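Colleague: Provided below: target39.tsv, containing TSV, C-alpha atoms.
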chain	number	residue	atom	x	y	z
A	1	MET	CA	11.53	-16.72	-19.35
A	2	LYS	CA	11.51	-17.72	-15.67
A	3	ILE	CA	10.84	-14.85	-13.28
A	4	ILE	CA	10.85	-15.01	-9.47
A	5	LEU	CA	9.03	-12.39	-7.41
A	6	VAL	CA	9.79	-12.35	-3.69
A	7	THR	CA	7.93	-10.64	-0.85
A	8	SER	CA	8.23	-10.75	2.92
A	9	GLY	CA	4.44	-10.31	3.03
A	10	GLN	CA	1.49	-12.10	1.44
A	11	PRO	CA	-0.03	-11.77	-2.06
A	12	SER	CA	-3.43	-10.57	-0.85
A	13	LEU	CA	-1.71	-7.85	1.19
A	14	ASN	CA	0.46	-6.72	-1.72
A	15	PRO	CA	-1.66	-5.71	-4.75
A	16	ARG	CA	1.42	-4.35	-6.57
A	17	LEU	CA	3.10	-7.75	-6.51
A	18	VAL	CA	-0.07	-9.47	-7.71
A	19	LYS	CA	-0.47	-7.05	-10.62
A	20	GLU	CA	3.15	-7.52	-11.67
A	21	ALA	CA	2.85	-11.31	-11.42
A	22	ASP	CA	-0.36	-11.24	-13.49
A	23	THR	CA	1.22	-9.00	-16.13
A	24	LEU	CA	4.30	-11.19	-16.47
A	25	SER	CA	2.24	-14.35	-16.58
A	26	PHE	CA	-0.12	-12.97	-19.24
A	27	ALA	CA	2.97	-11.95	-21.24
A	28	GLY	CA	3.91	-15.63	-21.39
A	29	HIS	CA	6.57	-15.86	-18.69
A	30	ASP	CA	6.93	-18.65	-16.14
A	31	VAL	CA	6.27	-16.79	-12.89
A	32	THR	CA	6.79	-17.98	-9.31
A	33	VAL	CA	6.04	-15.91	-6.21
A	34	LEU	CA	7.85	-16.66	-2.94
A	35	TYR	CA	5.99	-15.19	0.02
A	36	THR	CA	5.63	-15.52	3.78
A	37	TYR	CA	2.89	-15.70	6.39
A	38	TRP	CA	1.85	-12.32	7.81
A	39	ASN	CA	-1.62	-12.73	9.33
A	40	ASP	CA	-4.71	-14.94	9.36
A	41	TRP	CA	-7.06	-12.77	7.34
A	42	GLY	CA	-4.44	-12.35	4.63
A	43	THR	CA	-4.12	-16.13	4.53
A	44	LYS	CA	-7.88	-16.48	4.10
A	45	PHE	CA	-7.85	-14.11	1.13
A	46	ASP	CA	-4.72	-15.79	-0.31
A	47	GLY	CA	-6.67	-19.02	-0.59
A	48	SER	CA	-9.30	-17.61	-2.93
A	49	LEU	CA	-6.89	-15.27	-4.75
A	50	LEU	CA	-4.30	-17.86	-5.70
A	51	LYS	CA	-6.84	-20.32	-7.11
A	52	SER	CA	-7.48	-17.98	-10.03
A	53	LYS	CA	-3.83	-17.26	-10.90
A	54	LYS	CA	-1.70	-18.76	-13.66
A	55	TRP	CA	1.48	-18.19	-11.67
A	56	LYS	CA	2.77	-20.36	-8.84
A	57	ALA	CA	2.94	-19.20	-5.22
A	58	ILE	CA	5.08	-20.84	-2.54
A	59	ARG	CA	4.92	-19.90	1.14
A	60	ILE	CA	8.26	-19.80	2.94
A	61	GLY	CA	9.18	-19.82	6.62
A	62	GLY	CA	6.28	-21.54	8.32
A	63	ASP	CA	2.94	-20.41	9.73
A	64	PRO	CA	0.91	-20.98	12.92
A	65	GLU	CA	-1.33	-23.69	11.43
A	66	GLN	CA	0.55	-25.90	8.99
A	67	LYS	CA	4.17	-25.42	10.11
A	68	PRO	CA	3.99	-24.06	13.67
A	69	MET	CA	7.45	-25.22	14.78
A	70	LEU	CA	9.19	-23.52	11.88
A	71	TYR	CA	7.08	-20.43	12.46
A	72	PHE	CA	8.03	-20.39	16.16
A	73	PHE	CA	11.70	-20.96	15.39
A	74	SER	CA	11.73	-18.13	12.83
A	75	ARG	CA	10.18	-15.73	15.34
A	76	VAL	CA	12.81	-16.60	17.96
A	77	ILE	CA	15.64	-16.04	15.48
A	78	HIS	CA	14.13	-12.73	14.38
A	79	LYS	CA	13.82	-11.43	17.94
A	80	LEU	CA	17.33	-12.54	18.85
A	81	ALA	CA	18.69	-10.92	15.70
A	82	ILE	CA	17.07	-7.60	16.62
A	83	THR	CA	18.59	-7.80	20.10
A	84	PHE	CA	22.07	-8.64	18.79
A	85	ALA	CA	21.85	-5.99	16.06
A	86	LYS	CA	21.06	-3.35	18.68
A	87	ARG	CA	23.80	-4.42	21.06
A	88	ILE	CA	26.57	-5.65	18.76
A	89	GLY	CA	25.90	-4.00	15.42
A	90	LEU	CA	24.09	-4.39	12.10
A	91	ARG	CA	26.89	-5.91	10.06
A	92	TYR	CA	26.22	-9.54	10.98
A	93	PHE	CA	22.56	-9.44	11.97
A	94	ALA	CA	20.74	-6.97	9.68
A	95	GLU	CA	19.43	-9.60	7.24
A	96	PHE	CA	18.00	-11.64	10.12
A	97	ALA	CA	16.54	-8.56	11.83
A	98	ILE	CA	14.87	-6.85	8.85
A	99	SER	CA	11.98	-9.35	8.77
A	100	ARG	CA	11.00	-12.66	10.32
A	101	ASN	CA	11.62	-14.63	7.15
A	102	THR	CA	14.43	-12.88	5.30
A	103	CYS	CA	16.95	-15.61	6.14
A	104	TRP	CA	14.54	-18.28	4.80
A	105	LEU	CA	13.78	-16.21	1.71
A	106	ILE	CA	17.51	-15.87	1.02
A	107	LYS	CA	17.93	-19.65	1.04
A	108	SER	CA	14.77	-20.33	-0.96
A	109	ALA	CA	15.26	-17.68	-3.66
A	110	ALA	CA	18.75	-18.98	-4.40
A	111	ALA	CA	17.28	-22.46	-4.88
A	112	TYR	CA	15.15	-21.27	-7.84
A	113	PRO	CA	17.13	-20.55	-11.02
A	114	ALA	CA	15.48	-17.72	-12.98
A	115	ASP	CA	16.15	-15.12	-15.64
A	116	LEU	CA	15.00	-12.21	-13.46
A	117	TYR	CA	14.41	-11.70	-9.72
A	118	ILE	CA	12.09	-8.97	-8.38
A	119	ALA	CA	11.80	-7.93	-4.71
A	120	HIS	CA	8.73	-6.45	-3.07
A	121	ASN	CA	9.15	-5.17	0.50
A	122	LEU	CA	12.51	-4.48	2.10
A	123	GLY	CA	12.64	-7.89	3.78
A	124	ALA	CA	12.80	-9.51	0.33
A	125	LEU	CA	15.56	-7.29	-1.06
A	126	PRO	CA	18.57	-9.23	0.35
A	127	ALA	CA	17.11	-12.51	-0.93
A	128	VAL	CA	16.66	-11.21	-4.46
A	129	VAL	CA	20.10	-9.58	-4.70
A	130	LYS	CA	21.84	-12.68	-3.36
A	131	ALA	CA	19.87	-15.03	-5.64
A	132	ALA	CA	20.59	-12.88	-8.69
A	133	LYS	CA	24.28	-12.81	-7.83
A	134	HIS	CA	24.33	-16.56	-7.25
A	135	HIS	CA	22.81	-17.26	-10.67
A	136	HIS	CA	24.51	-14.33	-12.45
A	137	LYS	CA	21.13	-12.83	-13.40
A	138	PRO	CA	19.55	-9.34	-13.09
A	139	CYS	CA	17.25	-8.21	-10.31
A	140	GLY	CA	14.96	-5.31	-9.47
A	141	PHE	CA	13.34	-3.76	-6.43
A	142	ASP	CA	9.92	-2.15	-6.12
A	143	ALA	CA	9.98	0.58	-3.43
A	144	GLU	CA	6.35	0.92	-2.46
A	145	ASP	CA	7.47	3.11	0.45
A	146	PHE	CA	10.42	5.28	1.39
A	147	HIS	CA	11.43	2.48	3.69
A	148	ARG	CA	14.14	4.01	5.84
A	149	ASN	CA	11.67	6.59	7.15
A	150	GLU	CA	8.51	4.52	7.41
A	151	VAL	CA	8.42	4.53	11.21
A	152	SER	CA	10.47	7.53	12.28
A	153	ASN	CA	12.43	10.54	11.03
A	154	ASP	CA	14.96	10.20	13.85
A	155	GLN	CA	18.21	9.10	12.21
A	156	HIS	CA	19.24	7.39	15.46
A	157	HIS	CA	16.07	5.29	15.70
A	158	PHE	CA	16.86	1.58	15.33
A	159	ASP	CA	14.27	1.03	12.59
A	160	VAL	CA	15.81	3.88	10.58
A	161	LEU	CA	19.33	2.57	11.09
A	162	LEU	CA	18.37	-0.99	10.15
A	163	LYS	CA	16.45	-0.08	6.99
A	164	THR	CA	19.06	2.45	5.92
A	165	TYR	CA	21.74	-0.24	6.25
A	166	ILE	CA	19.73	-2.73	4.14
A	167	GLU	CA	18.97	-0.14	1.46
A	168	ASN	CA	22.54	1.13	1.25
A	169	ARG	CA	23.93	-2.39	1.11
A	170	TYR	CA	21.58	-3.89	-1.48
A	171	ILE	CA	19.90	-1.25	-3.68
A	172	PRO	CA	23.20	-0.42	-5.46
A	173	HIS	CA	23.30	-4.05	-6.65
A	174	THR	CA	19.86	-3.96	-8.29
A	175	ASP	CA	19.50	-3.53	-12.03
A	176	TYR	CA	16.39	-1.37	-11.81
A	177	LEU	CA	14.34	0.45	-9.19
A	178	THR	CA	10.65	1.36	-9.26
A	179	ALA	CA	8.72	3.55	-6.82
A	180	SER	CA	5.04	4.02	-6.01
A	181	SER	CA	4.92	7.83	-6.12
A	182	PRO	CA	6.84	10.65	-7.81
A	183	LYS	CA	8.02	11.98	-4.44
A	184	ILE	CA	9.34	8.60	-3.30
A	185	ALA	CA	11.14	8.26	-6.61
A	186	GLU	CA	12.71	11.69	-6.11
A	187	ALA	CA	13.85	10.74	-2.60
A	188	TYR	CA	15.54	7.55	-3.82
A	189	GLN	CA	17.05	9.39	-6.78
A	190	LYS	CA	18.88	11.68	-4.34
A	191	LEU	CA	20.20	8.69	-2.40
A	192	PHE	CA	21.07	6.53	-5.41
A	193	PRO	CA	21.65	8.86	-8.41
A	194	ALA	CA	22.65	6.03	-10.72
A	195	LYS	CA	19.35	4.17	-10.31
A	196	ASN	CA	16.90	6.59	-11.99
A	197	PRO	CA	13.82	5.07	-10.32
A	198	VAL	CA	10.69	4.82	-12.46
A	199	VAL	CA	7.26	5.65	-10.98
A	200	ILE	CA	4.68	2.85	-11.11
A	201	LEU	CA	1.48	4.16	-9.51
A	202	ASN	CA	-0.68	2.12	-7.11
A	203	VAL	CA	-3.53	1.97	-9.61
A	204	PHE	CA	-5.97	-0.84	-10.38
A	205	ASN	CA	-7.33	-2.57	-13.45
A	206	LYS	CA	-10.07	-0.48	-14.98
A	207	ASP	CA	-12.26	-3.53	-15.55
A	208	LEU	CA	-12.59	-4.33	-11.84
A	209	ILE	CA	-15.86	-2.43	-11.73
A	210	ASP	CA	-18.39	-0.97	-14.11
A	211	ALA	CA	-19.24	2.02	-11.93
A	212	HIS	CA	-22.37	4.03	-12.55
A	213	ILE	CA	-22.43	7.22	-10.54
A	214	ILE	CA	-25.82	8.08	-9.09
A	215	PRO	CA	-26.07	11.67	-7.82
A	216	ALA	CA	-26.69	11.90	-4.08
A	217	LYS	CA	-30.24	13.01	-3.31
A	218	PRO	CA	-30.45	16.56	-1.91
A	219	ASN	CA	-31.54	15.47	1.57
A	220	ALA	CA	-29.74	12.14	1.78
A	221	ALA	CA	-26.78	11.64	4.09
A	222	LEU	CA	-23.42	11.88	2.32
A	223	LYS	CA	-21.48	8.66	2.77
A	224	LEU	CA	-17.79	9.04	3.56
A	225	PHE	CA	-15.43	6.07	3.16
A	226	TRP	CA	-11.98	5.33	4.58
A	227	CYS	CA	-10.18	2.01	4.14
A	228	SER	CA	-6.90	0.46	5.14
A	229	GLN	CA	-5.57	-2.78	6.59
A	230	THR	CA	-5.74	-1.36	10.13
A	231	ILE	CA	-8.16	1.06	11.78
A	232	GLY	CA	-6.18	2.84	14.46
A	233	THR	CA	-4.68	6.02	15.78
A	234	ASN	CA	-2.29	8.25	13.85
A	235	ARG	CA	-4.14	7.51	10.61
A	236	GLY	CA	-5.98	10.85	10.34
A	237	ILE	CA	-9.34	9.33	11.30
A	238	GLU	CA	-9.58	11.65	14.30
A	239	ASP	CA	-9.62	14.64	11.94
A	240	VAL	CA	-12.77	13.61	10.14
A	241	LEU	CA	-14.53	12.49	13.32
A	242	LYS	CA	-13.94	15.86	14.94
A	243	ALA	CA	-15.04	17.61	11.74
A	244	LEU	CA	-18.27	15.60	11.72
A	245	TYR	CA	-18.89	16.58	15.32
A	246	LEU	CA	-18.80	20.22	14.19
A	247	LEU	CA	-21.38	19.27	11.55
A	248	LYS	CA	-23.62	17.30	13.87
A	249	ASP	CA	-26.71	19.06	12.52
A	250	ARG	CA	-26.00	17.81	8.97
A	251	GLU	CA	-26.49	14.37	7.49
A	252	PHE	CA	-23.25	12.41	7.09
A	253	GLU	CA	-22.21	8.82	7.52
A	254	LEU	CA	-18.61	7.71	8.05
A	255	HIS	CA	-17.72	4.16	7.01
A	256	LEU	CA	-14.39	2.69	8.14
A	257	MET	CA	-12.99	-0.54	6.68
A	258	GLY	CA	-10.16	-2.54	8.24
A	259	LYS	CA	-9.10	-4.50	11.29
A	260	LEU	CA	-9.22	-2.58	14.55
A	261	GLN	CA	-5.80	-1.89	16.05
A	262	TYR	CA	-5.23	-4.34	18.89
A	263	ASN	CA	-5.40	-1.71	21.66
A	264	ILE	CA	-8.20	0.41	20.15
A	265	SER	CA	-11.97	-0.10	20.50
A	266	LYS	CA	-14.92	1.18	18.50
A	267	GLU	CA	-15.91	3.23	21.53
A	268	TYR	CA	-12.76	5.35	21.14
A	269	PHE	CA	-13.93	6.57	17.74
A	270	GLU	CA	-17.58	6.83	18.76
A	271	THR	CA	-16.58	9.20	21.55
A	272	LEU	CA	-14.92	11.56	19.07
A	273	VAL	CA	-18.02	11.79	16.93
A	274	GLY	CA	-20.28	12.35	19.91
A	275	HIS	CA	-21.73	8.85	20.35
A	276	MET	CA	-23.95	9.15	17.27
A	277	PRO	CA	-24.32	5.52	16.16
A	278	ASN	CA	-26.15	6.50	12.97
A	279	ARG	CA	-23.02	8.31	11.77
A	280	LEU	CA	-20.27	5.74	12.24
A	281	TYR	CA	-20.05	2.28	10.66
A	282	PHE	CA	-17.32	-0.36	10.72
A	283	HIS	CA	-16.69	-2.90	7.94
A	284	ASP	CA	-14.50	-5.95	7.79
A	285	THR	CA	-11.90	-6.19	5.04
A	286	VAL	CA	-12.74	-7.66	1.64
A	287	PRO	CA	-10.43	-9.23	-0.99
A	288	PRO	CA	-8.50	-6.57	-2.94
A	289	ASP	CA	-10.30	-7.32	-6.21
A	290	GLU	CA	-13.66	-6.71	-4.52
A	291	LEU	CA	-12.69	-3.43	-2.87
A	292	PRO	CA	-13.53	-1.02	-5.74
A	293	ALA	CA	-17.01	-2.55	-6.14
A	294	PHE	CA	-17.61	-2.30	-2.38
A	295	SER	CA	-16.37	1.30	-2.37
A	296	SER	CA	-18.77	2.36	-5.12
A	297	GLN	CA	-21.71	2.58	-2.68
A	298	PHE	CA	-20.19	5.70	-1.07
A	299	ASP	CA	-19.82	9.35	-2.16
A	300	LEU	CA	-16.49	10.60	-0.83
A	301	GLY	CA	-13.20	8.77	-0.33
A	302	LEU	CA	-10.95	9.94	2.50
A	303	ALA	CA	-7.14	9.97	2.35
A	304	LEU	CA	-6.27	11.42	5.75
A	305	GLU	CA	-2.54	10.72	6.11
A	306	PRO	CA	-1.06	12.75	9.02
A	307	ALA	CA	2.52	12.91	7.62
A	308	PHE	CA	3.92	11.43	10.84
A	309	SER	CA	7.03	10.32	8.95
A	310	ILE	CA	8.86	11.27	5.77
A	311	ASN	CA	7.43	8.19	4.08
A	312	ASN	CA	3.89	9.01	5.15
A	313	ASP	CA	4.37	12.48	3.67
A	314	LEU	CA	5.77	11.16	0.36
A	315	ALA	CA	3.50	8.15	-0.19
A	316	LEU	CA	0.54	8.08	-2.56
A	317	SER	CA	-1.57	5.31	-1.14
A	318	ASN	CA	-3.65	2.58	-2.76
A	319	LYS	CA	-6.81	3.99	-1.26
A	320	ILE	CA	-6.84	7.10	-3.47
A	321	PHE	CA	-6.83	5.00	-6.63
A	322	THR	CA	-9.38	2.60	-5.15
A	323	TYR	CA	-11.72	5.54	-4.56
A	324	MET	CA	-11.20	6.85	-8.08
A	325	GLN	CA	-11.86	3.45	-9.64
A	326	ALA	CA	-15.11	3.33	-7.64
A	327	GLY	CA	-16.16	6.82	-8.74
A	328	LEU	CA	-15.71	8.66	-5.44
A	329	ALA	CA	-14.64	12.27	-5.02
A	330	ILE	CA	-11.44	12.63	-2.99
A	331	ILE	CA	-10.81	14.52	0.24
A	332	ALA	CA	-7.12	14.35	1.14
A	333	SER	CA	-4.84	15.80	3.78
A	334	ASN	CA	-2.16	18.07	2.37
A	335	THR	CA	0.82	15.75	2.56
A	336	THR	CA	3.48	16.57	-0.01
A	337	SER	CA	2.41	13.80	-2.39
A	338	GLN	CA	-1.34	14.16	-1.98
A	339	GLN	CA	-1.27	17.92	-2.38
A	340	ALA	CA	0.83	17.57	-5.55
A	341	PHE	CA	-1.59	14.94	-6.87
A	342	LEU	CA	-4.67	17.11	-6.30
A	343	LYS	CA	-2.88	20.12	-7.74
A	344	LYS	CA	-2.35	18.07	-10.90
A	345	TYR	CA	-5.94	16.77	-10.88
A	346	PRO	CA	-7.97	19.46	-9.06
A	347	GLU	CA	-11.24	18.37	-10.64
A	348	ILE	CA	-11.44	15.14	-8.59
A	349	GLY	CA	-11.54	16.57	-5.06
A	350	LYS	CA	-10.09	18.85	-2.42
A	351	SER	CA	-7.31	18.89	0.16
A	352	TYR	CA	-7.21	20.30	3.67
A	353	GLU	CA	-4.43	21.23	6.07
A	354	ILE	CA	-3.48	18.34	8.34
A	355	GLY	CA	-5.17	18.73	11.72
A	356	ASN	CA	-7.32	21.67	10.61
A	357	ILE	CA	-10.75	20.25	11.36
A	358	HIS	CA	-12.46	23.53	10.56
A	359	SER	CA	-11.06	23.48	7.03
A	360	LEU	CA	-12.12	19.85	6.66
A	361	SER	CA	-15.62	20.58	7.97
A	362	GLU	CA	-15.96	23.44	5.47
A	363	ILE	CA	-15.10	21.08	2.58
A	364	LEU	CA	-17.63	18.55	3.83
A	365	GLN	CA	-20.26	21.24	4.22
A	366	GLN	CA	-19.58	22.56	0.72
A	367	TYR	CA	-20.05	19.14	-0.83
A	368	SER	CA	-23.20	18.65	1.24
A	369	GLU	CA	-24.70	21.92	0.04
A	370	HIS	CA	-23.51	21.64	-3.57
A	371	ARG	CA	-24.37	18.13	-4.70
A	372	ASP	CA	-23.79	19.08	-8.33
A	373	GLU	CA	-20.14	19.88	-7.52
A	374	LEU	CA	-19.79	16.51	-5.78
A	375	TYR	CA	-21.30	14.74	-8.79
A	376	LYS	CA	-18.83	16.44	-11.16
A	377	ALA	CA	-15.87	15.47	-8.95
A	378	ARG	CA	-17.02	11.85	-8.84
A	379	LYS	CA	-17.41	11.72	-12.62
A	380	ALA	CA	-13.98	13.28	-13.12
A	381	ALA	CA	-12.35	10.77	-10.75
A	382	LEU	CA	-13.95	7.81	-12.50
A	383	ASN	CA	-13.05	9.17	-15.93
A	384	LEU	CA	-9.38	9.49	-14.98
A	385	ALA	CA	-9.35	5.97	-13.56
A	386	GLN	CA	-10.92	4.60	-16.73
A	387	THR	CA	-8.76	6.52	-19.22
A	388	SER	CA	-5.26	6.96	-17.80
A	389	LEU	CA	-4.77	6.24	-14.08
A	390	ASN	CA	-5.14	2.47	-14.28
A	391	TRP	CA	-2.96	-0.63	-14.40
A	392	GLU	CA	-3.55	-1.06	-18.12
A	393	THR	CA	-1.46	2.11	-18.54
A	394	GLU	CA	1.09	1.51	-15.77
A	395	GLN	CA	1.84	-2.07	-16.80
A	396	LEU	CA	3.22	-0.79	-20.11
A	397	LYS	CA	5.81	1.19	-18.14
A	398	PHE	CA	6.60	-1.89	-16.07
A	399	LEU	CA	7.05	-4.13	-19.11
A	400	LYS	CA	9.29	-1.52	-20.74
A	401	ILE	CA	11.52	-1.46	-17.63
A	402	ILE	CA	12.10	-5.20	-17.55
A	403	GLN	CA	12.28	-5.76	-21.31
A	404	PRO	CA	16.09	-5.38	-21.53
A	405	PHE	CA	16.52	-8.09	-18.89
A	406	ILE	CA	14.25	-10.73	-20.42
A	407	SER	CA	14.94	-10.31	-24.14
So that I can check it, write out the structure of this file as structure tokens.
Modeller:
Amino acid sequence: MKIILVTSGQPSLNPRLVKEADTLSFAGHDVTVLYTYWNDWGTKFDGSLLKSKKWKAIRIGGDPEQKPMLYFFSRVIHKLAITFAKRIGLRYFAEFAISRNTCWLIKSAAAYPADLYIAHNLGALPAVVKAAKHHHKPCGFDAEDFHRNEVSNDQHHFDVLLKTYIENRYIPHTDYLTASSPKIAEAYQKLFPAKNPVVILNVFNKDLIDAHIIPAKPNAALKLFWCSQTIGTNRGIEDVLKALYLLKDREFELHLMGKLQYNISKEYFETLVGHMPNRLYFHDTVPPDELPAFSSQFDLGLALEPAFSINNDLALSNKIFTYMQAGLAIIASNTTSQQAFLKKYPEIGKSYEIGNIHSLSEILQQYSEHRDELYKARKAALNLAQTSLNWETEQLKFLKIIQPFIS
């Protein structure tokens, strides 16, 4: 069977798409991924990632290096579409405004006959629905986020209006819907009762790392780890920095991985922790497949989401499952999804009230003073990742969903 996966991002920035493409390819299907340029470091990782894949990947819509004129033209159209959509209305401009390359993805996806079309990211949804309709074939959409409330909860905010319009127009025409967390699935179920979204967790292959947990020495500094694509404000990092300042007499290290937000410097974070250079370390991003192995050198994984939007409150991020695969105990803010997750698996870590740095500092202090408790949490996290919370388990759910459409 021929299957087309479409994303308005890049493969190395979308582990869910890569895992689905791998699964379908290993199952014997002819898989093609249509994607677009997002940033330079993603392009660098794409180069090494795609060399090892059985499926084909085709970049659409230009880029700054190889097709700069097309890239420039697509940016101009995107900006104009946003302006017109704001001033005139969404009806004629939403598909051009939702992402830089949606109009190019629409044209390209329709040019590839397939037995099934799958969209990742909201900018790919119109392309997949239109291509499926053009070829009279089924299509699906993977909702990694609760997209309409990614940026804001204000129903009059342009981003909310635009994404709501795209979802309402195209999700009803999909043949299946998957979601990355139980709470996101529940939210979409309320909006689209006929869809019955299925949860596919953001887990990883259990064979990415053969983790061996070494108990932290009694007097050694506990190593805390936080990772994301961007290190910036409104990510919860301030909470842990302020908590560490309260624990300045104890031995901790905080390691942050990602690209610094364009208007933020390392000095901003160093100020919050009291200018203690031996406590704060910055790391550049690594390819997704290497992240669990890199993470295994730390003790505690931090999921510090501040619940600034409905989506941020409902999401269950990749980082939690990365930490578990690496054998780290989890400290998570009490967003709706994260609190529910730790209530279901209390043995792997602890949660704290968002913004309550005293509660967070108490958890850190407890793990520092009770290394045996930390060791047990790390073992429990790794055991769950190896036995049930992994892609080997989730891919069976994914294959069951699409089976009716490719038989």
Colleague: Any idea what the distance is between CA of Asp30 in chain A and CA of Asp115 in chain A?
Modeller: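 These atoms are spaced 9.9 Å apart.
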Colleague: I'd like the neighbourhood of range 390-407 of chain A as a PDB file with C-alpha atoms, in the coordinates of the input, where a residue qualifies if any of its atoms comes within 8 Å (using only C-alpha atoms), though same-chain residues fewer than 3 positions away should be ignored.
Modeller:
ATOM      1  CA  MET A   1      11.530 -16.720 -19.350  1.00  0.00           C
ATOM      2  CA  LYS A  19      -0.470  -7.050 -10.620  1.00  0.00           C
ATOM      3  CA  GLU A  20       3.150  -7.520 -11.670  1.00  0.00           C
ATOM      4  CA  THR A  23       1.220  -9.000 -16.130  1.00  0.00           C
ATOM      5  CA  ASP A 115      16.150 -15.120 -15.640  1.00  0.00           C
ATOM      6  CA  LEU A 116      15.000 -12.210 -13.460  1.00  0.00           C
ATOM      7  CA  PRO A 138      19.550  -9.340 -13.090  1.00  0.00           C
ATOM      8  CA  TYR A 176      16.390  -1.370 -11.810  1.00  0.00           C
ATOM      9  CA  ILE A 200       4.680   2.850 -11.110  1.00  0.00           C
ATOM     10  CA  LEU A 201       1.480   4.160  -9.510  1.00  0.00           C
ATOM     11  CA  VAL A 203      -3.530   1.970  -9.610  1.00  0.00           C
ATOM     12  CA  PHE A 204      -5.970  -0.840 -10.380  1.00  0.00           C
ATOM     13  CA  ASN A 205      -7.330  -2.570 -13.450  1.00  0.00           C
ATOM     14  CA  LYS A 206     -10.070  -0.480 -14.980  1.00  0.00           C
ATOM     15  CA  ALA A 385      -9.350   5.970 -13.560  1.00  0.00           C
ATOM     16  CA  GLN A 386     -10.920   4.600 -16.730  1.00  0.00           C
ATOM     17  CA  THR A 387      -8.760   6.520 -19.220  1.00  0.00           C
TER      18      THR A 387
END
Colleague: Using Å and a single decimal, report how far CA of His135 in chain A sits from CA of Arg169 in chain A.
Modeller: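 We find that CA of Arg169 in chain A and CA of His135 in chain A lie 19.0 Å from each other.
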Colleague: In Å, with one decimal, what is the gap from CA of Val31 in chain A to CA of Leu105 in chain A?
Modeller: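 A separation of 16.4 Å between them.
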Colleague: Which polymer residues have any atom within 12 Å of an atom of His283 in chain A, counting all atoms listed in the file, with same-chain residues fewer than 4 positions away left out, as a ChimeraX atom specification?
Modeller: /A:225-231,254-260,266,291,294-295
Colleague: Given all atoms listed in the file as the basis, pick out the residue of A:Phe141, A:Tyr92, A:Tyr245, A:Trp41 nearest to Ser12 in chain A.
Modeller: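 Of A:Phe141, A:Tyr92, A:Tyr245, A:Trp41, the one nearest Ser12 in chain A is A:Trp41, counting all atoms listed in the file.
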Colleague: May I have the residues within 6 Å of Gly327 in chain A as a list in words, using all atoms listed in the file and disregarding those fewer than 3 positions away in the same chain?
Modeller: Met324, Arg378, Ala381 and Leu382 of chain A
Colleague: Do a neighbour search on Lys248 in chain A at 9 Å with only C-alpha atoms, toss out local chain neighbours closer than 3 positions, and write the hits as an NGL selection string.
Modeller: :A and (243-245 or 251-252 or 273-274 or 276)
Colleague: Give me the residues within 10 Å of Lys54 in chain A as a short mmCIF file (atom, residue, chain, number, x, y, z; two decimals) with C-alpha atoms, in the coordinates of the input, counting only C-alpha atoms and dropping any in the same chain fewer than 4 places off.
Modeller:
data_model
loop_
_atom_site.label_atom_id
_atom_site.label_comp_id
_atom_site.auth_asym_id
_atom_site.auth_seq_id
_atom_site.Cartn_x
_atom_site.Cartn_y
_atom_site.Cartn_z
CA ALA A 21 2.85 -11.31 -11.42
CA ASP A 22 -0.36 -11.24 -13.49
CA SER A 25 2.24 -14.35 -16.58
CA PHE A 26 -0.12 -12.97 -19.24
CA ASP A 30 6.93 -18.65 -16.14
CA VAL A 31 6.27 -16.79 -12.89
CA THR A 32 6.79 -17.98 -9.31
CA LEU A 50 -4.30 -17.86 -5.70
#
Colleague: Which residue, A:Arg250, A:His156, A:Lys2, A:Arg235, has the smallest gap to Ala114 in chain A when you use only C-alpha atoms?
Modeller: A:Lys2
